[in-house]
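**Q** Here it is: the structure, laid out below.
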Amino acid sequence: MTQHAENQPPTGAVSLAQSSPTVGTFRERDGALEWSGRQETVRIEPWGPDAVRVRARLGGPILEGLPGALLDEAPATSSTVKIEDGQGQLTVGSLTVEVSGEGLIRFLRTDDASELLAEARAHFWWPGSRLYTAVGNGHHRLEQRFAAYDDEKLYGLGQHQHGRFDQKGLVLDLVQRNAEVGIPVLTSSRGYTVLWNNPAIGRVELAHNGTRWVADSARQIDYWITAGSPADGQRHYSAVTGRTPMMPEWATGFWQCKLRYRTQDELLEVAREYKRRGLPLSAIVCDFFHWTHLGEWKFDPAEWPDPAAMVRELTELGVKLVVSVWPSVSPLSENHPVMEQRGYFIGTQYGPMAHADWPDKEVASTVQVAFYDATNPEARQFVWSRIKENYLDPYGITAFWLDACEPELKPGFPENLRYWSGPGLEVGNIYPADNARTFHEGLRAEGEEVITLNRSAWAGSQRYGAALWSGDIGTDFPTLRRQIAAGLNTALSGIPWWNTDIGGFHGGDPTDPAYQEVMVRWFQFGALSPLMRLHGFRDPGMPLGPDMTGGPNEVWSYGEVAGAVLEKYLRLRERLRPYVLDVMREAHEEGLPPMRPLFLEFPDDQAAWSVDDAYLFGADLLVAPVLTAGATARTTYLPAGATWTDAWTGESYEGGRTVTVDAPPDRIPLFLRDGARLPVAE
């Protein structure tokens, strides 16, 4: 039953201690509540269970079809609109939205009318809660302000290397950079999840005197909010932005990688050695510079003379080949002239159509490369046609590593970019999602399973089968420690497939006992990550260029003692693969991440909201990685409401307490929930 009044006249007194003595008008339109006043239009509409979408624009009607993360169609849901006494109200399940005559918005729990989140004025006179500062051509610098709450904890916002789990008090750029992935989704301890549905470059400020979302240049405010527990928030969010596909079975195993295997013989010898040693291996990665030229997307026959034979042998060994594909195109590439002629590159407002300098084959210096415009459907089709012709059709290669997909600009001036879908400042953050879309659309059209490994992502990337890794990071214990918060916040940003370079990326001497300890502890964490992948640029390194490689990075590279521990965890991962598949099915069907903060399963345990150094892998396995050098014991919190059994010793503990357990070099503390049976111990 919908109650409404078309263009109801304003009623009620308005104080001069407000931004304007002018009250706007309300109307109900197709189940949405609209408020108009001071040349601004605000539309609030049901958008899935217990959720609404809010859009606001100055100087015209709400625009449809702008780039964003939400699927085109909202899940059907019942709602009611009520306009009376100079106020508007929209109720969708457990979420009620109130709008004052002046256009201020409050989000309430339907059952008790308590406040979840409310807009806040910057000043009693001006500006208000929504600020539009003209930057020309109908674009504005947009600000959306909300109140701050002293007891609130905030999580998500993608993947960052600051090491903080609770994001309250931080200012974060909304921009894509290597190891810094901006995904504008927040989960609140107050019982809501919000998506800033705007791919504009900007920032979010989670201050103690207010929250502010900023888009440097865009045409309208657009966000989505849902009420409920963190787990409900993940279910609702994934329903409106798209669920991840089902993970291919092979991808749940161990991935071997290094920077880099330079030839076909070198790569095959590593795969053969794993099999000779009886060690599980599911995938091996062919890294960058395997190509003829950057942006030709094909094997260099001088180094990879018979890819068909290579893939055939790997298949017989039970190993999947993953190939690195960069979105950048060298002027030496055969594809550069046709792509430039057809307008398939990201354009520039000023200067040449080049976005970075990069080494290429057959030249002594770097060249100025362009990036293909993944927001352009025709450009996506063209790039996929090259991938299909050079990798899929001749060799059956279906797994791709999408490196440098931020895109890796140098220098990073998004305001100088012009995409098919809009100016760089307005749409720049969406690029990695659209790049993953290229491969999702192409592989799906061929009837293939989809998984790509991406260095960057945006809201909705998960629906394209995009796995994210934490980028080019350091190789020490403090860096390992920061990856726990990075992974948990990524999980709460709707990206279930995540991993790190096991051992870190920048360096690491395989013969150094101190680094061997880092590798052992990181490998244990990697075995209990959504994806398990060993990678890095080990010492001794070489300068960046087509001939480069790093030191050895196989499990036997780290000495007999460390190597034995790594082998133990390879086998543990193999035993757990049926469980990993079950957890991945939950991600596919419900939108629940494999790597879970403790509060996702135990939201009523207040202590669980502060645990930033342990996590649940699925519902049944609590993982407490060892994160400091020399440690032989580990103290961790076990959530209330469950009984926890040490998976190694069989000792049981009631939840709601902190325990200290032995953690010798060959043991990562693991706890099973409520009698769950998993093959942890051999």
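Labeling convention for the structure tokens: chains A, B, ... as they appear, residues from 1 per chain, ligands from 1 in order of appearance.
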Check which residues of segment 84-191 of chain A sit at most 9 Å from segment 26-30 of chain A using only C-alpha atoms, and return one row each with the closest pair of atoms and their distance in Å to one decimal, ordered by chain and rising number, as a Markdown table.

**A**
| residue | atom | partner | partner_atom | distance |
| --- | --- | --- | --- | --- |
| A:Gly86 | CA | A:Phe26 | CA | 8.2 |
| A:Gln87 | CA | A:Phe26 | CA | 7.8 |
| A:Gly88 | CA | A:Phe26 | CA | 6.8 |
| A:Gly101 | CA | A:Phe26 | CA | 8.2 |

**Q** Would you output that residue set with C-alpha atoms, as a short mmCIF file (atom, residue, chain, number, x, y, z; two decimals), in the first residue's frame?

**A**
data_model
loop_
_atom_site.label_atom_id
_atom_site.label_comp_id
_atom_site.auth_asym_id
_atom_site.auth_seq_id
_atom_site.Cartn_x
_atom_site.Cartn_y
_atom_site.Cartn_z
CA GLY A 86 5.90 18.36 5.30
CA GLN A 87 8.10 15.25 5.46
CA GLY A 88 8.73 12.23 3.25
CA GLY A 101 11.19 19.48 4.29
#

**Q** Which residues are near Gln368 of chain A? Cut-off 10 Å, only C-alpha atoms, ignore same chain within fewer than 5 positions. Put them as a PDB file with N, CA and C atoms, in the first residue's frame.

**A**
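What landed in out-v1.pdb:
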ATOM      1  N   SER A 328      48.671  -2.242 -21.596  1.00  0.00           N
ATOM      2  CA  SER A 328      49.442  -1.187 -22.259  1.00  0.00           C
ATOM      3  C   SER A 328      49.945  -1.666 -23.616  1.00  0.00           C
ATOM      4  N   VAL A 329      50.134  -0.709 -24.525  1.00  0.00           N
ATOM      5  CA  VAL A 329      50.476  -1.031 -25.912  1.00  0.00           C
ATOM      6  C   VAL A 329      51.662  -0.168 -26.347  1.00  0.00           C
ATOM      7  N   SER A 330      52.741  -0.828 -26.713  1.00  0.00           N
ATOM      8  CA  SER A 330      53.940  -0.142 -27.188  1.00  0.00           C
ATOM      9  C   SER A 330      53.720   0.395 -28.600  1.00  0.00           C
ATOM     10  N   PRO A 331      54.373   1.515 -28.928  1.00  0.00           N
ATOM     11  CA  PRO A 331      54.293   1.995 -30.321  1.00  0.00           C
ATOM     12  C   PRO A 331      54.932   1.012 -31.300  1.00  0.00           C
ATOM     13  N   LEU A 332      55.730   0.068 -30.801  1.00  0.00           N
ATOM     14  CA  LEU A 332      56.323  -0.945 -31.675  1.00  0.00           C
ATOM     15  C   LEU A 332      55.366  -2.101 -31.953  1.00  0.00           C
ATOM     16  N   PRO A 352      50.515  14.232 -25.862  1.00  0.00           N
ATOM     17  CA  PRO A 352      50.385  13.045 -26.720  1.00  0.00           C
ATOM     18  C   PRO A 352      49.585  11.942 -26.040  1.00  0.00           C
ATOM     19  N   MET A 353      49.151  10.983 -26.839  1.00  0.00           N
ATOM     20  CA  MET A 353      48.360   9.867 -26.333  1.00  0.00           C
ATOM     21  C   MET A 353      49.297   8.781 -25.815  1.00  0.00           C
ATOM     22  N   ALA A 354      50.014   9.115 -24.753  1.00  0.00           N
ATOM     23  CA  ALA A 354      50.932   8.174 -24.125  1.00  0.00           C
ATOM     24  C   ALA A 354      50.799   8.330 -22.621  1.00  0.00           C
ATOM     25  N   HIS A 355      50.836   7.229 -21.918  1.00  0.00           N
ATOM     26  CA  HIS A 355      50.476   7.247 -20.510  1.00  0.00           C
ATOM     27  C   HIS A 355      51.582   6.763 -19.579  1.00  0.00           C
ATOM     28  N   ALA A 356      52.649   6.193 -20.115  1.00  0.00           N
ATOM     29  CA  ALA A 356      53.747   5.713 -19.283  1.00  0.00           C
ATOM     30  C   ALA A 356      54.934   5.400 -20.179  1.00  0.00           C
ATOM     31  N   ASP A 357      56.114   5.386 -19.599  1.00  0.00           N
ATOM     32  CA  ASP A 357      57.280   4.897 -20.328  1.00  0.00           C
ATOM     33  C   ASP A 357      57.595   3.495 -19.833  1.00  0.00           C
ATOM     34  N   TRP A 358      58.017   2.624 -20.745  1.00  0.00           N
ATOM     35  CA  TRP A 358      58.195   1.220 -20.392  1.00  0.00           C
ATOM     36  C   TRP A 358      59.223   0.584 -21.315  1.00  0.00           C
ATOM     37  N   PRO A 359      60.019  -0.351 -20.808  1.00  0.00           N
ATOM     38  CA  PRO A 359      60.968  -1.054 -21.682  1.00  0.00           C
ATOM     39  C   PRO A 359      60.232  -1.956 -22.674  1.00  0.00           C
ATOM     40  N   ASP A 360      60.827  -2.141 -23.827  1.00  0.00           N
ATOM     41  CA  ASP A 360      60.286  -3.062 -24.820  1.00  0.00           C
ATOM     42  C   ASP A 360      61.452  -3.746 -25.519  1.00  0.00           C
ATOM     43  N   LYS A 410      52.106   6.807 -15.553  1.00  0.00           N
ATOM     44  CA  LYS A 410      53.325   7.461 -15.075  1.00  0.00           C
ATOM     45  C   LYS A 410      53.594   8.670 -15.964  1.00  0.00           C
TER      46      LYS A 410
END

**Q** For the atom pair atom CA of Trp126 of chain A and atom CA of Lys153 of chain A, what is the interatomic distance in Å to one decimal place?

**A**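 Atom-to-atom, atom CA of Trp126 of chain A to atom CA of Lys153 of chain A, that is 28.7 Å.
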
**Q** For a quick check of understanding, using only C-alpha atoms, which of A:Gly536, A:Gly424, A:Gly253, A:Gly347 has the smallest distance to Leu581 of chain A?

**A**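 Closest to Leu581 of chain A, using only C-alpha atoms: A:Gly253.
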
**Q** Determine, counting only C-alpha atoms, which protein, DNA and RNA residues have an atom within 6 Å of an atom of Asp50 of chain A; residues of the same chain fewer than 6 positions away are not included. Present the result as a ChimeraX atom specification.

**A** /A:92-95,226-227

**Q** Record the distance separating atom CA of Arg145 of chain A and atom CA of Trp213 of chain A, expressed in Å with one decimal.

**A**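 Rounded to one decimal, the two atoms are 6.6 Å apart.
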
**Q** Leaving out Glu586 of chain A and any residue of its chain fewer than 5 positions from it, which residues lie within 12 Å of it when counting only C-alpha atoms, given as a list in words?

**A**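 The residues that qualify are Ala231, Gln234, Arg235, Ser238, Arg243, Thr244, Pro245, Met246, Met247, Pro496, Tyr579, Val580, Leu581, Gly591, Leu592, Pro593, Pro594, Met595, Phe617, Gly618 and Ala619 of chain A.
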
**Q** Set the distance at 9 Å and use only C-alpha atoms: which residues neighbour segment 504-512 of chain A once local chain neighbours fewer than 5 positions away are removed? I'd like the list as a list in words.

**A** Leu259, Gly471, Asp472, Ile473, Gly474, Thr475, Asp476, Thr479, Leu480, Glu517, Met519, Trp522, Leu534, His535, Gly536, Phe537, Arg538, Asp539, Pro540, Gly541, Gly550, Gly551, Pro552, Asn553, Ser557, Tyr558 and Gly559 of chain A

**Q** Store the residues of this selection in a file with N, CA and C atoms, as a PDB file, in the first residue's frame.

**A**
ATOM      1  N   LEU A 259      59.110 -13.651 -10.584  1.00  0.00           N
ATOM      2  CA  LEU A 259      59.569 -12.737 -11.614  1.00  0.00           C
ATOM      3  C   LEU A 259      60.993 -13.178 -11.979  1.00  0.00           C
ATOM      4  N   GLY A 471      49.385  -6.578  -4.592  1.00  0.00           N
ATOM      5  CA  GLY A 471      50.327  -5.726  -5.289  1.00  0.00           C
ATOM      6  C   GLY A 471      51.774  -5.956  -4.890  1.00  0.00           C
ATOM      7  N   ASP A 472      52.616  -5.029  -5.320  1.00  0.00           N
ATOM      8  CA  ASP A 472      54.062  -5.143  -5.131  1.00  0.00           C
ATOM      9  C   ASP A 472      54.436  -4.601  -3.757  1.00  0.00           C
ATOM     10  N   ILE A 473      54.534  -5.499  -2.797  1.00  0.00           N
ATOM     11  CA  ILE A 473      54.710  -5.127  -1.396  1.00  0.00           C
ATOM     12  C   ILE A 473      56.070  -5.594  -0.888  1.00  0.00           C
ATOM     13  N   GLY A 474      56.396  -5.222   0.347  1.00  0.00           N
ATOM     14  CA  GLY A 474      57.661  -5.571   0.959  1.00  0.00           C
ATOM     15  C   GLY A 474      57.739  -7.026   1.374  1.00  0.00           C
ATOM     16  N   THR A 475      58.870  -7.397   1.976  1.00  0.00           N
ATOM     17  CA  THR A 475      59.163  -8.805   2.245  1.00  0.00           C
ATOM     18  C   THR A 475      59.587  -9.023   3.696  1.00  0.00           C
ATOM     19  N   ASP A 476      58.941  -8.309   4.627  1.00  0.00           N
ATOM     20  CA  ASP A 476      59.310  -8.441   6.034  1.00  0.00           C
ATOM     21  C   ASP A 476      58.064  -8.719   6.876  1.00  0.00           C
ATOM     22  N   THR A 479      55.227  -6.031   6.960  1.00  0.00           N
ATOM     23  CA  THR A 479      54.398  -6.060   5.750  1.00  0.00           C
ATOM     24  C   THR A 479      53.414  -7.222   5.798  1.00  0.00           C
ATOM     25  N   LEU A 480      53.897  -8.394   6.229  1.00  0.00           N
ATOM     26  CA  LEU A 480      52.993  -9.537   6.382  1.00  0.00           C
ATOM     27  C   LEU A 480      51.858  -9.196   7.331  1.00  0.00           C
ATOM     28  N   GLU A 517      62.557 -17.439   7.537  1.00  0.00           N
ATOM     29  CA  GLU A 517      61.510 -17.438   8.560  1.00  0.00           C
ATOM     30  C   GLU A 517      60.287 -16.653   8.088  1.00  0.00           C
ATOM     31  N   MET A 519      59.375 -16.284   5.002  1.00  0.00           N
ATOM     32  CA  MET A 519      58.728 -17.108   3.979  1.00  0.00           C
ATOM     33  C   MET A 519      57.895 -18.218   4.608  1.00  0.00           C
ATOM     34  N   TRP A 522      54.768 -16.693   6.086  1.00  0.00           N
ATOM     35  CA  TRP A 522      53.898 -16.172   5.017  1.00  0.00           C
ATOM     36  C   TRP A 522      53.268 -17.324   4.244  1.00  0.00           C
ATOM     37  N   LEU A 534      52.555 -18.392  -4.783  1.00  0.00           N
ATOM     38  CA  LEU A 534      53.920 -18.002  -4.449  1.00  0.00           C
ATOM     39  C   LEU A 534      54.469 -17.124  -5.575  1.00  0.00           C
ATOM     40  N   HIS A 535      54.917 -15.909  -5.215  1.00  0.00           N
ATOM     41  CA  HIS A 535      55.453 -14.993  -6.228  1.00  0.00           C
ATOM     42  C   HIS A 535      56.441 -14.052  -5.567  1.00  0.00           C
ATOM     43  N   GLY A 536      57.257 -13.391  -6.362  1.00  0.00           N
ATOM     44  CA  GLY A 536      58.153 -12.380  -5.841  1.00  0.00           C
ATOM     45  C   GLY A 536      59.336 -12.144  -6.761  1.00  0.00           C
ATOM     46  N   PHE A 537      60.029 -11.051  -6.507  1.00  0.00           N
ATOM     47  CA  PHE A 537      61.228 -10.659  -7.247  1.00  0.00           C
ATOM     48  C   PHE A 537      62.411 -10.856  -6.307  1.00  0.00           C
ATOM     49  N   ARG A 538      62.881 -12.099  -6.221  1.00  0.00           N
ATOM     50  CA  ARG A 538      63.867 -12.464  -5.221  1.00  0.00           C
ATOM     51  C   ARG A 538      65.270 -11.975  -5.597  1.00  0.00           C
ATOM     52  N   ASP A 539      66.085 -11.833  -4.542  1.00  0.00           N
ATOM     53  CA  ASP A 539      67.495 -11.493  -4.742  1.00  0.00           C
ATOM     54  C   ASP A 539      68.230 -12.707  -5.323  1.00  0.00           C
ATOM     55  N   PRO A 540      69.245 -12.489  -6.185  1.00  0.00           N
ATOM     56  CA  PRO A 540      69.658 -11.187  -6.703  1.00  0.00           C
ATOM     57  C   PRO A 540      68.767 -10.749  -7.866  1.00  0.00           C
ATOM     58  N   GLY A 541      68.325  -9.517  -7.839  1.00  0.00           N
ATOM     59  CA  GLY A 541      67.487  -9.005  -8.902  1.00  0.00           C
ATOM     60  C   GLY A 541      68.300  -8.448 -10.056  1.00  0.00           C
ATOM     61  N   GLY A 550      64.551 -12.749 -11.511  1.00  0.00           N
ATOM     62  CA  GLY A 550      64.975 -12.676 -10.120  1.00  0.00           C
ATOM     63  C   GLY A 550      65.542 -14.000  -9.659  1.00  0.00           C
ATOM     64  N   GLY A 551      65.898 -14.058  -8.390  1.00  0.00           N
ATOM     65  CA  GLY A 551      66.442 -15.278  -7.817  1.00  0.00           C
ATOM     66  C   GLY A 551      65.403 -16.383  -7.750  1.00  0.00           C
ATOM     67  N   PRO A 552      65.821 -17.578  -7.348  1.00  0.00           N
ATOM     68  CA  PRO A 552      64.904 -18.728  -7.302  1.00  0.00           C
ATOM     69  C   PRO A 552      63.790 -18.503  -6.289  1.00  0.00           C
ATOM     70  N   ASN A 553      62.612 -19.067  -6.589  1.00  0.00           N
ATOM     71  CA  ASN A 553      61.441 -18.846  -5.733  1.00  0.00           C
ATOM     72  C   ASN A 553      60.532 -20.070  -5.730  1.00  0.00           C
ATOM     73  N   SER A 557      63.774 -23.789  -2.788  1.00  0.00           N
ATOM     74  CA  SER A 557      64.788 -22.736  -2.869  1.00  0.00           C
ATOM     75  C   SER A 557      65.199 -22.215  -1.504  1.00  0.00           C
ATOM     76  N   TYR A 558      64.494 -22.616  -0.449  1.00  0.00           N
ATOM     77  CA  TYR A 558      64.649 -21.957   0.849  1.00  0.00           C
ATOM     78  C   TYR A 558      65.354 -22.823   1.892  1.00  0.00           C
ATOM     79  N   GLY A 559      66.091 -23.818   1.435  1.00  0.00           N
ATOM     80  CA  GLY A 559      66.849 -24.649   2.352  1.00  0.00           C
ATOM     81  C   GLY A 559      66.041 -25.848   2.821  1.00  0.00           C
TER      82      GLY A 559
END

**Q** Could you list, as a list of chain:residue names, every residue within 10 Å of Asn489 of chain A, counting only C-alpha atoms and ignoring same-chain residues fewer than 5 positions away?

**A**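 The filter keeps A:Leu154, A:Tyr155, A:Gly156, A:Leu157, A:Gly158, A:Gln159, A:His160, A:Arg164, A:Phe165, A:Asp166, A:Gln167, A:Ile183, A:Val185, A:Leu186, A:Thr187, A:Gln483, A:Ile484, A:Gly494, A:Ile495, A:Met595, A:Arg596, A:Pro597.
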
**Q** Report, in Å to a single decimal, how far apart atom CA of Ser365 of chain A and atom CA of Pro432 of chain A are.

**A**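 According to the coordinates, atom CA of Pro432 of chain A and atom CA of Ser365 of chain A are separated by 28.0 Å.
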
**Q** Identify which of the residues A:Glu654, A:Glu45, A:Asp434, A:Asp222 lies closest to Gly675 of chain A, counting only C-alpha atoms when measuring atom-to-atom distances.

**A**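 Of A:Glu654, A:Glu45, A:Asp434, A:Asp222, the one nearest Gly675 of chain A is A:Glu654, counting only C-alpha atoms.
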
**Q** As a list in words, which residues of segment 79-241 of chain A does DSSP assign to helix (DSSP H, G or I)?

**A**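 Residues meeting the helix (DSSP H, G or I) criterion: Pro230, Ala231, Asp232, Gly233, Gln234, Arg235, His236, Tyr237, Ser238, Ala239, Val240 and Thr241 of chain A.
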
**Q** Please determine, counting only C-alpha atoms, which residue among A:Glu426, A:Glu408, A:Glu389, A:Asp620 has the shortest atom-to-atom distance to Leu598 of chain A.

**A** A:Asp620
